[in-house]
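Data first, discussion second: the structure below is written as structure tokens.
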Amino acid sequence: MATGWHPAPGQTLLVPSGPAGHHLFVLILGPVVAPDRGAASHVAMVSFTTVRDGIPHDAACVVQAGEHPFVRHASYAYYRDVRIEPVAHVASLVERAVWQPNDPCSPELLAKLQSGVCASRQVSREVKRMFGCA
């Protein structure tokens with residue numbers, strides 16, 4: 001695993017997203033053994049998407065510019081696509097510098113992201129079960 005980086009809630013990673021650059025993902029749960037995913041430890045990660053005028057968005061967790069240094073515009077947690085990834089896979093991508101650690105989020109932002117999981121109608125049943133809100 002990359003020196004100084006450990007998978008824990010609140011850690012963030014920049015994940016390549018095509019020609020647009022990188023998306024910031026926040027680890028919101030884990031490492032945990034995920035139901036129906038075998039004995040390996042997993043993490044749950046969520047990214048942000050910019051709020052755009054006239055386009056509906058999930059209001060369960062809206063983040064303002066500056067709540068994390070990477071967030072420059074009003075954005076929302078994209079709960080529709082929470083990623084559940086094996087820790088070994090994430091660690092490998094970090095070690096190879098494919099995914100890049102970024103500034104961790106504040107405890108307040110982490111709590112906001114975690115509570116949004118149960119509030120959002122966009123979260124899968126699997127993720128809701130992992131958070132105990134299904």
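Ligands are numbered from 1 in the order shown, residues from 1 within each chain, and chains are lettered A, B, ... in the order they appear in the structure tokens.
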
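By chain and then residue number, the residues within 9 Å of stretch 73-79 of chain A are Val46, Ser47, Phe48, Thr49, Thr50, Val51, Arg52, His57, Asp58, Ala59, Ala60, Cys61, Val62, Val63, Gln64, Ala65, Gly66, Leu113, Gly116, Val117, Ser120, Arg121, Gln122, Val123 and Ser124 of chain A, counting only C-alpha atoms and disregarding those fewer than 5 positions away in sequence.
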
Using N, CA and C atoms, can you write the selected residues to a file as a PDB file, in the first residue's frame?
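As written to disk, again.pdb reads:
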ATOM      1  N   VAL A  46     -17.958   7.479  -2.686  1.00  0.00           N
ATOM      2  CA  VAL A  46     -18.911   8.293  -3.430  1.00  0.00           C
ATOM      3  C   VAL A  46     -18.176   9.494  -4.027  1.00  0.00           C
ATOM      4  N   SER A  47     -18.638   9.906  -5.201  1.00  0.00           N
ATOM      5  CA  SER A  47     -18.048  11.068  -5.864  1.00  0.00           C
ATOM      6  C   SER A  47     -19.035  12.238  -5.810  1.00  0.00           C
ATOM      7  N   PHE A  48     -18.590  13.360  -6.351  1.00  0.00           N
ATOM      8  CA  PHE A  48     -19.414  14.564  -6.417  1.00  0.00           C
ATOM      9  C   PHE A  48     -19.697  14.908  -7.875  1.00  0.00           C
ATOM     10  N   THR A  49     -20.837  15.542  -8.089  1.00  0.00           N
ATOM     11  CA  THR A  49     -21.209  16.049  -9.398  1.00  0.00           C
ATOM     12  C   THR A  49     -21.678  17.487  -9.218  1.00  0.00           C
ATOM     13  N   THR A  50     -21.307  18.355 -10.145  1.00  0.00           N
ATOM     14  CA  THR A  50     -21.673  19.766 -10.056  1.00  0.00           C
ATOM     15  C   THR A  50     -23.179  19.953 -10.177  1.00  0.00           C
ATOM     16  N   VAL A  51     -23.744  20.793  -9.314  1.00  0.00           N
ATOM     17  CA  VAL A  51     -25.146  21.182  -9.417  1.00  0.00           C
ATOM     18  C   VAL A  51     -25.262  22.142 -10.597  1.00  0.00           C
ATOM     19  N   ARG A  52     -26.192  21.870 -11.488  1.00  0.00           N
ATOM     20  CA  ARG A  52     -26.389  22.717 -12.677  1.00  0.00           C
ATOM     21  C   ARG A  52     -27.825  23.245 -12.686  1.00  0.00           C
ATOM     22  N   HIS A  57     -31.248  17.238  -9.348  1.00  0.00           N
ATOM     23  CA  HIS A  57     -30.131  16.553  -8.694  1.00  0.00           C
ATOM     24  C   HIS A  57     -30.600  15.986  -7.359  1.00  0.00           C
ATOM     25  N   ASP A  58     -29.850  15.071  -6.839  1.00  0.00           N
ATOM     26  CA  ASP A  58     -30.120  14.448  -5.545  1.00  0.00           C
ATOM     27  C   ASP A  58     -29.745  15.457  -4.455  1.00  0.00           C
ATOM     28  N   ALA A  59     -30.721  15.921  -3.705  1.00  0.00           N
ATOM     29  CA  ALA A  59     -30.484  16.942  -2.682  1.00  0.00           C
ATOM     30  C   ALA A  59     -30.128  16.352  -1.317  1.00  0.00           C
ATOM     31  N   ALA A  60     -29.897  15.040  -1.234  1.00  0.00           N
ATOM     32  CA  ALA A  60     -29.602  14.408   0.057  1.00  0.00           C
ATOM     33  C   ALA A  60     -28.309  14.923   0.675  1.00  0.00           C
ATOM     34  N   CYS A  61     -27.351  15.328  -0.173  1.00  0.00           N
ATOM     35  CA  CYS A  61     -26.084  15.860   0.343  1.00  0.00           C
ATOM     36  C   CYS A  61     -25.499  16.828  -0.682  1.00  0.00           C
ATOM     37  N   VAL A  62     -25.812  18.109  -0.500  1.00  0.00           N
ATOM     38  CA  VAL A  62     -25.263  19.153  -1.354  1.00  0.00           C
ATOM     39  C   VAL A  62     -24.061  19.751  -0.632  1.00  0.00           C
ATOM     40  N   VAL A  63     -22.979  19.900  -1.357  1.00  0.00           N
ATOM     41  CA  VAL A  63     -21.717  20.392  -0.801  1.00  0.00           C
ATOM     42  C   VAL A  63     -21.387  21.706  -1.495  1.00  0.00           C
ATOM     43  N   GLN A  64     -21.029  22.697  -0.701  1.00  0.00           N
ATOM     44  CA  GLN A  64     -20.693  24.003  -1.250  1.00  0.00           C
ATOM     45  C   GLN A  64     -19.199  24.104  -1.546  1.00  0.00           C
ATOM     46  N   ALA A  65     -18.850  25.007  -2.443  1.00  0.00           N
ATOM     47  CA  ALA A  65     -17.440  25.269  -2.749  1.00  0.00           C
ATOM     48  C   ALA A  65     -16.703  25.534  -1.436  1.00  0.00           C
ATOM     49  N   GLY A  66     -15.554  24.885  -1.295  1.00  0.00           N
ATOM     50  CA  GLY A  66     -14.736  25.087  -0.110  1.00  0.00           C
ATOM     51  C   GLY A  66     -14.966  24.091   1.009  1.00  0.00           C
ATOM     52  N   LEU A 113     -21.912  13.250   4.390  1.00  0.00           N
ATOM     53  CA  LEU A 113     -21.962  12.251   3.320  1.00  0.00           C
ATOM     54  C   LEU A 113     -22.573  10.943   3.810  1.00  0.00           C
ATOM     55  N   GLY A 116     -26.311  11.236   4.371  1.00  0.00           N
ATOM     56  CA  GLY A 116     -27.008  11.341   3.096  1.00  0.00           C
ATOM     57  C   GLY A 116     -27.331   9.994   2.476  1.00  0.00           C
ATOM     58  N   VAL A 117     -26.568   8.967   2.827  1.00  0.00           N
ATOM     59  CA  VAL A 117     -26.823   7.625   2.284  1.00  0.00           C
ATOM     60  C   VAL A 117     -28.239   7.183   2.623  1.00  0.00           C
ATOM     61  N   SER A 120     -30.989   9.561   0.816  1.00  0.00           N
ATOM     62  CA  SER A 120     -31.096   9.569  -0.642  1.00  0.00           C
ATOM     63  C   SER A 120     -31.967   8.432  -1.162  1.00  0.00           C
ATOM     64  N   ARG A 121     -32.736   8.751  -2.192  1.00  0.00           N
ATOM     65  CA  ARG A 121     -33.518   7.723  -2.878  1.00  0.00           C
ATOM     66  C   ARG A 121     -32.714   7.103  -4.013  1.00  0.00           C
ATOM     67  N   GLN A 122     -31.502   7.586  -4.232  1.00  0.00           N
ATOM     68  CA  GLN A 122     -30.665   7.120  -5.334  1.00  0.00           C
ATOM     69  C   GLN A 122     -29.709   5.989  -4.926  1.00  0.00           C
ATOM     70  N   VAL A 123     -29.631   5.701  -3.643  1.00  0.00           N
ATOM     71  CA  VAL A 123     -28.683   4.703  -3.132  1.00  0.00           C
ATOM     72  C   VAL A 123     -29.234   3.296  -3.339  1.00  0.00           C
ATOM     73  N   SER A 124     -28.379   2.386  -3.759  1.00  0.00           N
ATOM     74  CA  SER A 124     -28.806   1.001  -3.963  1.00  0.00           C
ATOM     75  C   SER A 124     -29.177   0.345  -2.630  1.00  0.00           C
TER      76      SER A 124
END

Per-residue nearest contacts of stretch 106-128 of chain A to stretch 10-31 of chain A (8 Å; only C-alpha atoms) as a tab-separated table:
residue	atom	partner	partner_atom	distance
A:Ser106	CA	A:Gly10	CA	7.0
A:Pro107	CA	A:Gly10	CA	7.1
A:Leu110	CA	A:Gly10	CA	5.7
A:Leu113	CA	A:Ile28	CA	7.0
A:Gln114	CA	A:Ile28	CA	6.1

All helix (DSSP H, G or I) positions in stretch 16-107 of chain A, as an NGL selection string: :A and (79-81 or 87-95 or 107)
